[in-house]
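Listing of final_29.pdb; format and content: PDB, C-alpha atoms.
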```pdb
MODEL        1
ATOM      1  CA  MET R   1     149.766  76.970 141.796  1.00  0.00           C
ATOM      2  CA  GLY R   2     149.426  78.289 138.237  1.00  0.00           C
ATOM      3  CA  MET R   3     152.511  79.036 136.153  1.00  0.00           C
ATOM      4  CA  ASN R   4     151.802  82.776 136.100  1.00  0.00           C
ATOM      5  CA  THR R   5     151.497  82.902 139.895  1.00  0.00           C
ATOM      6  CA  PHE R   6     154.654  80.821 140.246  1.00  0.00           C
ATOM      7  CA  GLY R   7     156.530  83.155 137.910  1.00  0.00           C
ATOM      8  CA  ARG R   8     155.474  86.257 139.795  1.00  0.00           C
ATOM      9  CA  LEU R   9     157.036  84.903 143.006  1.00  0.00           C
ATOM     10  CA  PHE R  10     160.420  85.650 141.492  1.00  0.00           C
ATOM     11  CA  MET R  11     159.663  89.163 140.268  1.00  0.00           C
ATOM     12  CA  PRO R  12     160.893  91.094 143.364  1.00  0.00           C
ATOM     13  CA  LYS R  13     164.292  89.375 143.140  1.00  0.00           C
ATOM     14  CA  ASN R  14     165.015  90.937 139.776  1.00  0.00           C
ATOM     15  CA  LYS R  15     164.508  94.634 140.367  1.00  0.00           C
ATOM     16  CA  ILE R  16     167.578  95.460 138.281  1.00  0.00           C
ATOM     17  CA  PHE R  17     165.580  94.954 135.061  1.00  0.00           C
ATOM     18  CA  TYR R  18     162.799  97.287 136.197  1.00  0.00           C
ATOM     19  CA  GLU R  19     165.331  99.928 137.208  1.00  0.00           C
ATOM     20  CA  LEU R  20     167.125  99.703 133.873  1.00  0.00           C
ATOM     21  CA  PHE R  21     163.918  99.832 131.824  1.00  0.00           C
ATOM     22  CA  GLU R  22     162.654 102.799 133.832  1.00  0.00           C
ATOM     23  CA  THR R  23     165.968 104.601 133.296  1.00  0.00           C
ATOM     24  CA  VAL R  24     165.707 104.060 129.540  1.00  0.00           C
ATOM     25  CA  ALA R  25     162.048 105.176 129.466  1.00  0.00           C
ATOM     26  CA  ASP R  26     162.930 108.325 131.431  1.00  0.00           C
ATOM     27  CA  ARG R  27     165.649 109.177 128.921  1.00  0.00           C
ATOM     28  CA  VAL R  28     163.364 108.549 125.946  1.00  0.00           C
ATOM     29  CA  TYR R  29     160.921 110.995 127.537  1.00  0.00           C
ATOM     30  CA  ASP R  30     163.750 113.528 128.044  1.00  0.00           C
ATOM     31  CA  MET R  31     164.713 113.111 124.384  1.00  0.00           C
ATOM     32  CA  GLY R  32     161.107 113.779 123.387  1.00  0.00           C
ATOM     33  CA  ILE R  33     161.173 116.988 125.428  1.00  0.00           C
ATOM     34  CA  LYS R  34     164.431 118.064 123.797  1.00  0.00           C
ATOM     35  CA  LEU R  35     163.179 117.250 120.294  1.00  0.00           C
ATOM     36  CA  LYS R  36     160.138 119.460 120.828  1.00  0.00           C
ATOM     37  CA  GLU R  37     162.438 122.188 122.164  1.00  0.00           C
ATOM     38  CA  LEU R  38     164.622 121.782 119.071  1.00  0.00           C
ATOM     39  CA  VAL R  39     161.853 122.361 116.525  1.00  0.00           C
ATOM     40  CA  HIS R  40     160.742 125.539 118.297  1.00  0.00           C
ATOM     41  CA  GLU R  41     164.273 126.976 118.348  1.00  0.00           C
ATOM     42  CA  HIS R  42     165.024 129.277 115.391  1.00  0.00           C
ATOM     43  CA  ASP R  43     168.728 129.809 116.109  1.00  0.00           C
ATOM     44  CA  TYR R  44     170.888 127.238 114.288  1.00  0.00           C
ATOM     45  CA  ASP R  45     173.705 127.297 116.872  1.00  0.00           C
ATOM     46  CA  LYS R  46     171.266 126.824 119.738  1.00  0.00           C
ATOM     47  CA  ARG R  47     169.718 123.918 117.862  1.00  0.00           C
ATOM     48  CA  SER R  48     173.175 122.368 117.595  1.00  0.00           C
ATOM     49  CA  SER R  49     173.515 122.572 121.365  1.00  0.00           C
ATOM     50  CA  ILE R  50     170.152 120.858 121.874  1.00  0.00           C
ATOM     51  CA  ILE R  51     171.125 118.115 119.420  1.00  0.00           C
ATOM     52  CA  ALA R  52     174.305 117.532 121.416  1.00  0.00           C
ATOM     53  CA  GLN R  53     172.140 116.985 124.503  1.00  0.00           C
ATOM     54  CA  ILE R  54     169.913 114.554 122.585  1.00  0.00           C
ATOM     55  CA  GLU R  55     173.004 112.707 121.362  1.00  0.00           C
ATOM     56  CA  ASP R  56     174.329 112.413 124.920  1.00  0.00           C
ATOM     57  CA  LEU R  57     171.008 110.922 126.081  1.00  0.00           C
ATOM     58  CA  GLU R  58     171.005 108.506 123.143  1.00  0.00           C
ATOM     59  CA  HIS R  59     174.545 107.299 123.932  1.00  0.00           C
ATOM     60  CA  LYS R  60     173.638 106.810 127.599  1.00  0.00           C
ATOM     61  CA  ASN R  61     170.619 104.791 126.522  1.00  0.00           C
ATOM     62  CA  ASP R  62     172.829 102.618 124.322  1.00  0.00           C
ATOM     63  CA  ASP R  63     174.959 101.854 127.386  1.00  0.00           C
ATOM     64  CA  THR R  64     171.901 101.042 129.510  1.00  0.00           C
ATOM     65  CA  THR R  65     170.447  98.826 126.774  1.00  0.00           C
ATOM     66  CA  HIS R  66     173.745  96.962 126.619  1.00  0.00           C
ATOM     67  CA  GLN R  67     173.577  96.578 130.400  1.00  0.00           C
ATOM     68  CA  ILE R  68     170.089  95.041 130.088  1.00  0.00           C
ATOM     69  CA  PHE R  69     171.444  92.472 127.634  1.00  0.00           C
ATOM     70  CA  THR R  70     174.399  91.778 129.951  1.00  0.00           C
ATOM     71  CA  GLU R  71     172.064  91.223 132.914  1.00  0.00           C
ATOM     72  CA  LEU R  72     169.938  88.973 130.728  1.00  0.00           C
ATOM     73  CA  GLY R  73     172.933  86.725 130.143  1.00  0.00           C
ATOM     74  CA  ARG R  74     173.958  86.865 133.792  1.00  0.00           C
ATOM     75  CA  ASN R  75     170.600  86.118 135.458  1.00  0.00           C
ATOM     76  CA  PHE R  76     168.980  82.701 135.255  1.00  0.00           C
ATOM     77  CA  ILE R  77     165.696  83.954 136.737  1.00  0.00           C
ATOM     78  CA  THR R  78     164.103  86.961 135.066  1.00  0.00           C
ATOM     79  CA  PRO R  79     160.901  88.892 135.926  1.00  0.00           C
ATOM     80  CA  PHE R  80     159.300  87.928 132.621  1.00  0.00           C
ATOM     81  CA  ASP R  81     160.201  86.013 129.470  1.00  0.00           C
ATOM     82  CA  ARG R  82     163.751  86.556 128.313  1.00  0.00           C
ATOM     83  CA  GLU R  83     162.608  87.200 124.755  1.00  0.00           C
ATOM     84  CA  ASP R  84     160.193  89.885 125.991  1.00  0.00           C
ATOM     85  CA  ILE R  85     163.007  91.580 127.914  1.00  0.00           C
ATOM     86  CA  HIS R  86     165.066  91.541 124.726  1.00  0.00           C
ATOM     87  CA  TYR R  87     162.165  92.810 122.591  1.00  0.00           C
ATOM     88  CA  LEU R  88     161.304  95.634 125.001  1.00  0.00           C
ATOM     89  CA  ALA R  89     164.921  96.757 125.355  1.00  0.00           C
ATOM     90  CA  SER R  90     165.285  96.801 121.569  1.00  0.00           C
ATOM     91  CA  ALA R  91     161.977  98.632 121.047  1.00  0.00           C
ATOM     92  CA  LEU R  92     162.852 101.382 123.549  1.00  0.00           C
ATOM     93  CA  ASP R  93     166.309 101.706 122.009  1.00  0.00           C
ATOM     94  CA  ASP R  94     164.709 102.096 118.576  1.00  0.00           C
ATOM     95  CA  ILE R  95     162.564 105.017 119.804  1.00  0.00           C
ATOM     96  CA  ALA R  96     165.703 106.774 121.075  1.00  0.00           C
ATOM     97  CA  ASP R  97     167.553 106.054 117.826  1.00  0.00           C
ATOM     98  CA  TYR R  98     164.837 107.585 115.661  1.00  0.00           C
ATOM     99  CA  ILE R  99     164.405 110.640 117.870  1.00  0.00           C
ATOM    100  CA  PHE R 100     168.149 111.259 117.545  1.00  0.00           C
ATOM    101  CA  ALA R 101     168.049 110.570 113.803  1.00  0.00           C
ATOM    102  CA  SER R 102     165.229 113.110 113.398  1.00  0.00           C
ATOM    103  CA  ALA R 103     167.178 115.758 115.286  1.00  0.00           C
ATOM    104  CA  LYS R 104     170.310 115.142 113.226  1.00  0.00           C
ATOM    105  CA  LYS R 105     168.500 115.358 109.908  1.00  0.00           C
ATOM    106  CA  ILE R 106     166.831 118.656 110.823  1.00  0.00           C
ATOM    107  CA  ASN R 107     170.199 120.309 111.365  1.00  0.00           C
ATOM    108  CA  PHE R 108     172.149 118.376 108.747  1.00  0.00           C
ATOM    109  CA  TYR R 109     169.742 119.515 106.042  1.00  0.00           C
ATOM    110  CA  LYS R 110     169.509 123.002 107.601  1.00  0.00           C
ATOM    111  CA  VAL R 111     165.730 122.795 107.331  1.00  0.00           C
ATOM    112  CA  ASN R 112     163.712 125.459 109.103  1.00  0.00           C
ATOM    113  CA  PRO R 113     161.816 123.390 111.704  1.00  0.00           C
ATOM    114  CA  ASN R 114     159.091 126.064 111.838  1.00  0.00           C
ATOM    115  CA  ASP R 115     156.927 123.688 109.836  1.00  0.00           C
ATOM    116  CA  SER R 116     153.480 122.553 110.977  1.00  0.00           C
ATOM    117  CA  GLY R 117     154.100 118.923 109.966  1.00  0.00           C
ATOM    118  CA  ILE R 118     157.416 118.686 111.790  1.00  0.00           C
ATOM    119  CA  GLN R 119     156.079 120.395 114.907  1.00  0.00           C
ATOM    120  CA  LYS R 120     152.908 118.294 115.061  1.00  0.00           C
ATOM    121  CA  MET R 121     154.919 115.110 114.594  1.00  0.00           C
ATOM    122  CA  THR R 122     157.358 115.995 117.368  1.00  0.00           C
ATOM    123  CA  GLU R 123     154.430 116.719 119.695  1.00  0.00           C
ATOM    124  CA  LEU R 124     153.045 113.252 118.948  1.00  0.00           C
ATOM    125  CA  ILE R 125     156.451 111.676 119.623  1.00  0.00           C
ATOM    126  CA  LEU R 126     156.553 113.428 122.986  1.00  0.00           C
ATOM    127  CA  GLN R 127     153.038 112.247 123.816  1.00  0.00           C
ATOM    128  CA  GLY R 128     154.025 108.707 122.858  1.00  0.00           C
ATOM    129  CA  SER R 129     157.117 108.826 125.059  1.00  0.00           C
ATOM    130  CA  ILE R 130     154.997 110.016 127.990  1.00  0.00           C
ATOM    131  CA  GLU R 131     152.614 107.057 127.651  1.00  0.00           C
ATOM    132  CA  ILE R 132     155.424 104.536 127.142  1.00  0.00           C
ATOM    133  CA  ARG R 133     157.100 105.855 130.280  1.00  0.00           C
ATOM    134  CA  LYS R 134     153.892 105.353 132.274  1.00  0.00           C
ATOM    135  CA  ALA R 135     153.479 101.806 130.971  1.00  0.00           C
ATOM    136  CA  VAL R 136     157.104 100.844 131.661  1.00  0.00           C
ATOM    137  CA  LYS R 137     156.886 102.115 135.223  1.00  0.00           C
ATOM    138  CA  GLY R 138     153.731 100.037 135.675  1.00  0.00           C
ATOM    139  CA  LEU R 139     155.619  96.826 134.921  1.00  0.00           C
ATOM    140  CA  ARG R 140     157.290  96.830 138.334  1.00  0.00           C
ATOM    141  CA  ASP R 141     154.202  95.712 140.268  1.00  0.00           C
ATOM    142  CA  MET R 142     151.439  95.387 137.632  1.00  0.00           C
ATOM    143  CA  LYS R 143     149.007  97.089 140.025  1.00  0.00           C
ATOM    144  CA  ASN R 144     147.716  99.767 137.657  1.00  0.00           C
ATOM    145  CA  LEU R 145     146.720  97.603 134.716  1.00  0.00           C
ATOM    146  CA  ARG R 146     143.928  99.952 133.659  1.00  0.00           C
ATOM    147  CA  GLU R 147     146.316 102.901 133.488  1.00  0.00           C
ATOM    148  CA  MET R 148     148.867 100.804 131.592  1.00  0.00           C
ATOM    149  CA  THR R 149     146.219  99.636 129.139  1.00  0.00           C
ATOM    150  CA  GLU R 150     144.974 103.192 128.638  1.00  0.00           C
ATOM    151  CA  SER R 151     148.542 104.276 127.865  1.00  0.00           C
ATOM    152  CA  MET R 152     148.903 101.581 125.232  1.00  0.00           C
ATOM    153  CA  VAL R 153     145.573 102.547 123.636  1.00  0.00           C
ATOM    154  CA  LYS R 154     146.780 106.160 123.548  1.00  0.00           C
ATOM    155  CA  VAL R 155     150.049 105.110 121.883  1.00  0.00           C
ATOM    156  CA  ASN R 156     148.104 103.285 119.174  1.00  0.00           C
ATOM    157  CA  SER R 157     145.955 106.389 118.654  1.00  0.00           C
ATOM    158  CA  ILE R 158     149.068 108.580 118.522  1.00  0.00           C
ATOM    159  CA  GLU R 159     150.573 106.363 115.832  1.00  0.00           C
ATOM    160  CA  ASN R 160     147.382 106.641 113.766  1.00  0.00           C
ATOM    161  CA  GLN R 161     147.417 110.428 114.174  1.00  0.00           C
ATOM    162  CA  ALA R 162     151.047 110.486 113.059  1.00  0.00           C
ATOM    163  CA  ASP R 163     150.113 108.592 109.892  1.00  0.00           C
ATOM    164  CA  ASP R 164     147.478 111.223 109.141  1.00  0.00           C
ATOM    165  CA  VAL R 165     149.876 114.102 109.845  1.00  0.00           C
ATOM    166  CA  PHE R 166     152.480 112.465 107.605  1.00  0.00           C
ATOM    167  CA  ASP R 167     150.017 112.088 104.722  1.00  0.00           C
ATOM    168  CA  MET R 168     148.757 115.672 105.043  1.00  0.00           C
ATOM    169  CA  SER R 169     152.296 117.040 105.359  1.00  0.00           C
ATOM    170  CA  ILE R 170     153.431 115.248 102.207  1.00  0.00           C
ATOM    171  CA  GLU R 171     150.370 116.509 100.333  1.00  0.00           C
ATOM    172  CA  MET R 172     150.995 120.105 101.422  1.00  0.00           C
ATOM    173  CA  LEU R 173     154.691 119.786 100.664  1.00  0.00           C
ATOM    174  CA  PHE R 174     154.076 118.879  97.038  1.00  0.00           C
ATOM    175  CA  GLN R 175     151.433 121.580  96.690  1.00  0.00           C
ATOM    176  CA  GLN R 176     153.380 124.451  98.248  1.00  0.00           C
ATOM    177  CA  GLU R 177     157.107 123.752  97.851  1.00  0.00           C
ATOM    178  CA  ASN R 178     158.701 124.498  94.493  1.00  0.00           C
ATOM    179  CA  ASP R 179     162.285 123.714  95.485  1.00  0.00           C
ATOM    180  CA  PHE R 180     162.784 120.031  94.719  1.00  0.00           C
ATOM    181  CA  LYS R 181     165.698 119.777  97.160  1.00  0.00           C
ATOM    182  CA  GLU R 182     163.504 121.057  99.980  1.00  0.00           C
ATOM    183  CA  VAL R 183     160.852 118.506  99.069  1.00  0.00           C
ATOM    184  CA  ILE R 184     163.378 115.675  99.374  1.00  0.00           C
ATOM    185  CA  LYS R 185     164.768 116.986 102.663  1.00  0.00           C
ATOM    186  CA  LYS R 186     161.434 117.539 104.381  1.00  0.00           C
ATOM    187  CA  ARG R 187     159.970 114.288 103.106  1.00  0.00           C
ATOM    188  CA  GLU R 188     162.873 112.377 104.645  1.00  0.00           C
ATOM    189  CA  ILE R 189     162.471 114.217 107.957  1.00  0.00           C
ATOM    190  CA  TYR R 190     158.724 113.467 108.002  1.00  0.00           C
ATOM    191  CA  GLN R 191     159.494 109.794 107.381  1.00  0.00           C
ATOM    192  CA  VAL R 192     161.976 109.494 110.248  1.00  0.00           C
ATOM    193  CA  LEU R 193     159.635 111.298 112.638  1.00  0.00           C
ATOM    194  CA  GLU R 194     156.768 109.005 111.649  1.00  0.00           C
ATOM    195  CA  ILE R 195     158.937 105.928 112.197  1.00  0.00           C
ATOM    196  CA  ALA R 196     159.645 107.151 115.744  1.00  0.00           C
ATOM    197  CA  THR R 197     155.903 106.933 116.465  1.00  0.00           C
ATOM    198  CA  ASP R 198     155.858 103.445 114.924  1.00  0.00           C
ATOM    199  CA  LYS R 199     158.587 102.433 117.364  1.00  0.00           C
ATOM    200  CA  CYS R 200     156.497 103.737 120.275  1.00  0.00           C
ATOM    201  CA  GLU R 201     153.698 101.463 119.103  1.00  0.00           C
ATOM    202  CA  ASP R 202     156.140  98.527 118.869  1.00  0.00           C
ATOM    203  CA  ALA R 203     157.157  99.092 122.494  1.00  0.00           C
ATOM    204  CA  ALA R 204     153.490  99.304 123.542  1.00  0.00           C
ATOM    205  CA  ASN R 205     152.804  95.989 121.799  1.00  0.00           C
ATOM    206  CA  VAL R 206     155.628  94.293 123.727  1.00  0.00           C
ATOM    207  CA  ILE R 207     154.309  95.667 127.018  1.00  0.00           C
ATOM    208  CA  GLU R 208     150.816  94.444 126.119  1.00  0.00           C
ATOM    209  CA  SER R 209     152.242  90.978 125.481  1.00  0.00           C
ATOM    210  CA  ILE R 210     153.940  90.988 128.884  1.00  0.00           C
ATOM    211  CA  ILE R 211     150.713  92.037 130.614  1.00  0.00           C
ATOM    212  CA  ILE R 212     148.726  89.259 128.918  1.00  0.00           C
ATOM    213  CA  LYS R 213     151.261  86.667 130.098  1.00  0.00           C
ATOM    214  CA  TYR R 214     151.829  87.831 133.674  1.00  0.00           C
ATOM    215  CA  ALA R 215     149.028  90.067 134.906  1.00  0.00           C
TER     216      ALA R 215
ENDMDL
END
```
Reformat the file's structure so that it appears as structure tokens.
Amino acid sequence: MGMNTFGRLFMPKNKIFYELFETVADRVYDMGIKLKELVHEHDYDKRSSIIAQIEDLEHKNDDTTHQIFTELGRNFITPFDREDIHYLASALDDIADYIFASAKKINFYKVNPNDSGIQKMTELILQGSIEIRKAVKGLRDMKNLREMTESMVKVNSIENQADDVFDMSIEMLFQQENDFKEVIKKREIYQVLEIATDKCEDAANVIESIIIKYA
């Protein structure tokens, strides 16, 4: 019996990790939805309410991530490598952190989010969260490897698109904005949004590593 086959015999006994990862991925997706809602809301007070919802989701994800680490210390047998569980939990937590950071900066700087760069970037973050969610849910039984692989390819493409949007947004910002303070504010927001797509790619890379080892 090969090591991979032997390892998979234990996978059903550790459903708690799949449940926790799926919960985190669902919340990251919900945060992506809320972030897109935020940048299409023109009322500052309503945006504050949406940010409060994003913050609540981020705090819940922190608790779930902590629970994953607790279970990691409690369980001798895990569904896949302990370091991969740690890496994936950290990568998903990073996506949530940067979505929340983006939302906070938009309101903190009182920047009008009716900006093509900001709106395109948030759409890409949402798309990335959708594909990460699909891939995470596929980890439970590894039956839909093609769909999981397609999701990871899409995440890589999304990250490349985000790089292009970032570059174009910075170029337009320097061409069209005369207020130096606005340039600084928007540039920082673009950067945080772009990092969120980087974190999606990091999570996809961890999932790809898990698939290579266990599928």
- Item | Distance in Å - atom CA of Lys36 of chain R versus atom CA of Ala89 of chain R |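 So the answer is 23.6 Å.
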- Task: Using the chain letters and residue numbers of this document, give as a list in words the residues selected by the PyMOL selection byres ((chain R and resi 137-150) around 9).
- Result: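 Listing what the PyMOL selection byres ((chain R and resi 137-150) around 9) selects in the shown file: Met11, Pro12, Lys15, Tyr18, Glu19, Phe21, Glu22, Ala25, Glu131, Ile132, Arg133, Lys134, Ala135, Val136, Ser151, Met152, Val153, Lys154, Val155, Ile207, Glu208, Ile210, Ile211, Tyr214 and Ala215 of chain R.
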- Task: Give as a ChimeraX atom specification the set of residues within 9 Å of the point (172.8, 94.4, 137.2), where distances use the file's coordinates and all atoms listed in the file.
- Result: /R:14-17,20,67-68,70-72,74-75
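Using all atoms listed in the file, the smallest distance between any of R:Ser102, R:Ser129, R:Gln119, R:Gln161 and Lys185 of chain R comes from R:Ser102.
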Mind listing whatever residues come within 9 Å of the point (153.3, 110.3, 108.8)? Use all atoms listed in the file, file coordinates, and give them as a tab-separated table (two decimals) with C-alpha atoms, in the frame of the given file.
```tsv
chain	number	residue	atom	x	y	z
R	117	GLY	CA	154.10	118.92	109.97
R	121	MET	CA	154.92	115.11	114.59
R	159	GLU	CA	150.57	106.36	115.83
R	160	ASN	CA	147.38	106.64	113.77
R	161	GLN	CA	147.42	110.43	114.17
R	162	ALA	CA	151.05	110.49	113.06
R	163	ASP	CA	150.11	108.59	109.89
R	164	ASP	CA	147.48	111.22	109.14
R	165	VAL	CA	149.88	114.10	109.84
R	166	PHE	CA	152.48	112.46	107.60
R	167	ASP	CA	150.02	112.09	104.72
R	168	MET	CA	148.76	115.67	105.04
R	169	SER	CA	152.30	117.04	105.36
R	170	ILE	CA	153.43	115.25	102.21
R	190	TYR	CA	158.72	113.47	108.00
R	191	GLN	CA	159.49	109.79	107.38
R	192	VAL	CA	161.98	109.49	110.25
R	193	LEU	CA	159.64	111.30	112.64
R	194	GLU	CA	156.77	109.00	111.65
R	195	ILE	CA	158.94	105.93	112.20
R	197	THR	CA	155.90	106.93	116.46
```
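Closest to Thr122 of chain R among R:Glu37, R:Glu58, R:Asp202, R:Asp26 is R:Glu37, based on only C-alpha atoms.
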As a PDB file with C-alpha atoms, in the frame of the given file, please: the residues near Tyr109 of chain R (cut-off 12 Å, only C-alpha atoms, same-chain neighbours under 3 positions excluded).
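Writing done, so here's part01.pdb:
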```pdb
ATOM      1  CA  TYR R  44     170.888 127.238 114.288  1.00  0.00           C
ATOM      2  CA  ALA R 101     168.049 110.570 113.803  1.00  0.00           C
ATOM      3  CA  SER R 102     165.229 113.110 113.398  1.00  0.00           C
ATOM      4  CA  ALA R 103     167.178 115.758 115.286  1.00  0.00           C
ATOM      5  CA  LYS R 104     170.310 115.142 113.226  1.00  0.00           C
ATOM      6  CA  LYS R 105     168.500 115.358 109.908  1.00  0.00           C
ATOM      7  CA  ILE R 106     166.831 118.656 110.823  1.00  0.00           C
ATOM      8  CA  ASN R 112     163.712 125.459 109.103  1.00  0.00           C
ATOM      9  CA  PRO R 113     161.816 123.390 111.704  1.00  0.00           C
ATOM     10  CA  LYS R 181     165.698 119.777  97.160  1.00  0.00           C
ATOM     11  CA  GLU R 182     163.504 121.057  99.980  1.00  0.00           C
ATOM     12  CA  VAL R 183     160.852 118.506  99.069  1.00  0.00           C
ATOM     13  CA  ILE R 184     163.378 115.675  99.374  1.00  0.00           C
ATOM     14  CA  LYS R 185     164.768 116.986 102.663  1.00  0.00           C
ATOM     15  CA  LYS R 186     161.434 117.539 104.381  1.00  0.00           C
ATOM     16  CA  ARG R 187     159.970 114.288 103.106  1.00  0.00           C
ATOM     17  CA  GLU R 188     162.873 112.377 104.645  1.00  0.00           C
ATOM     18  CA  ILE R 189     162.471 114.217 107.957  1.00  0.00           C
TER      19      ILE R 189
END
```
What box, with edges along x, y and z, holds each listed atom of segment 136-155 of chain R when 8 Å is added on every side, and can you state its centre and edge lengths in Å to one decimal, as AutoDock Vina command-line options?
```
--center_x 150.6 --center_y 100.8 --center_z 131.1 --size_x 29.4 --size_y 26.8 --size_z 34.4
```
For Ala91 of chain R, work out the shell of residues within 10 Å, counting all atoms listed in the file and skipping chain neighbours fewer than 4 positions away, then give it as an mmCIF file with C-alpha atoms, in the coordinates of the input.
```cif
data_model
loop_
_atom_site.group_PDB
_atom_site.id
_atom_site.type_symbol
_atom_site.label_atom_id
_atom_site.label_comp_id
_atom_site.auth_asym_id
_atom_site.auth_seq_id
_atom_site.Cartn_x
_atom_site.Cartn_y
_atom_site.Cartn_z
ATOM 1 C CA ILE R 85 163.007 91.580 127.914
ATOM 2 C CA HIS R 86 165.066 91.541 124.726
ATOM 3 C CA TYR R 87 162.165 92.810 122.591
ATOM 4 C CA ILE R 95 162.564 105.017 119.804
ATOM 5 C CA ALA R 96 165.703 106.774 121.075
ATOM 6 C CA ASP R 97 167.553 106.054 117.826
ATOM 7 C CA ASP R 198 155.858 103.445 114.924
ATOM 8 C CA LYS R 199 158.587 102.433 117.364
ATOM 9 C CA CYS R 200 156.497 103.737 120.275
ATOM 10 C CA GLU R 201 153.698 101.463 119.103
ATOM 11 C CA ASP R 202 156.140 98.527 118.869
ATOM 12 C CA ALA R 203 157.157 99.092 122.494
ATOM 13 C CA ALA R 204 153.490 99.304 123.542
ATOM 14 C CA ASN R 205 152.804 95.989 121.799
ATOM 15 C CA VAL R 206 155.628 94.293 123.727
#
```
- Message: Which residue is closest to Thr65 of chain R? Choose from R:Thr23, R:Leu38, R:Met31, R:Ile51 and count all atoms listed in the file.
- Response: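 Once distances to Thr65 of chain R are computed over all atoms listed in the file, the minimum belongs to R:Thr23.
Picture a line from atom CA of Glu83 of chain R to atom CA of Leu57 of chain R; it runs 25.2 Å.
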- The distance between atom CA of Tyr98 of chain R and atom CA of Gly128 of chain R is 13.0 Å
- Task: Would you mind telling me which residue in R:Val24, R:Tyr29, R:Asp45, R:Phe69 lies nearest to Arg82 of chain R when using all atoms listed in the file?
- Result: R:Phe69
- Of the residues R:Lys213, R:Asp84, R:Ser157, R:Leu124, which is the one nearest to Ala196 of chain R, using only C-alpha atoms?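 Of the candidates, the smallest distance to Ala196 of chain R is held by R:Leu124.
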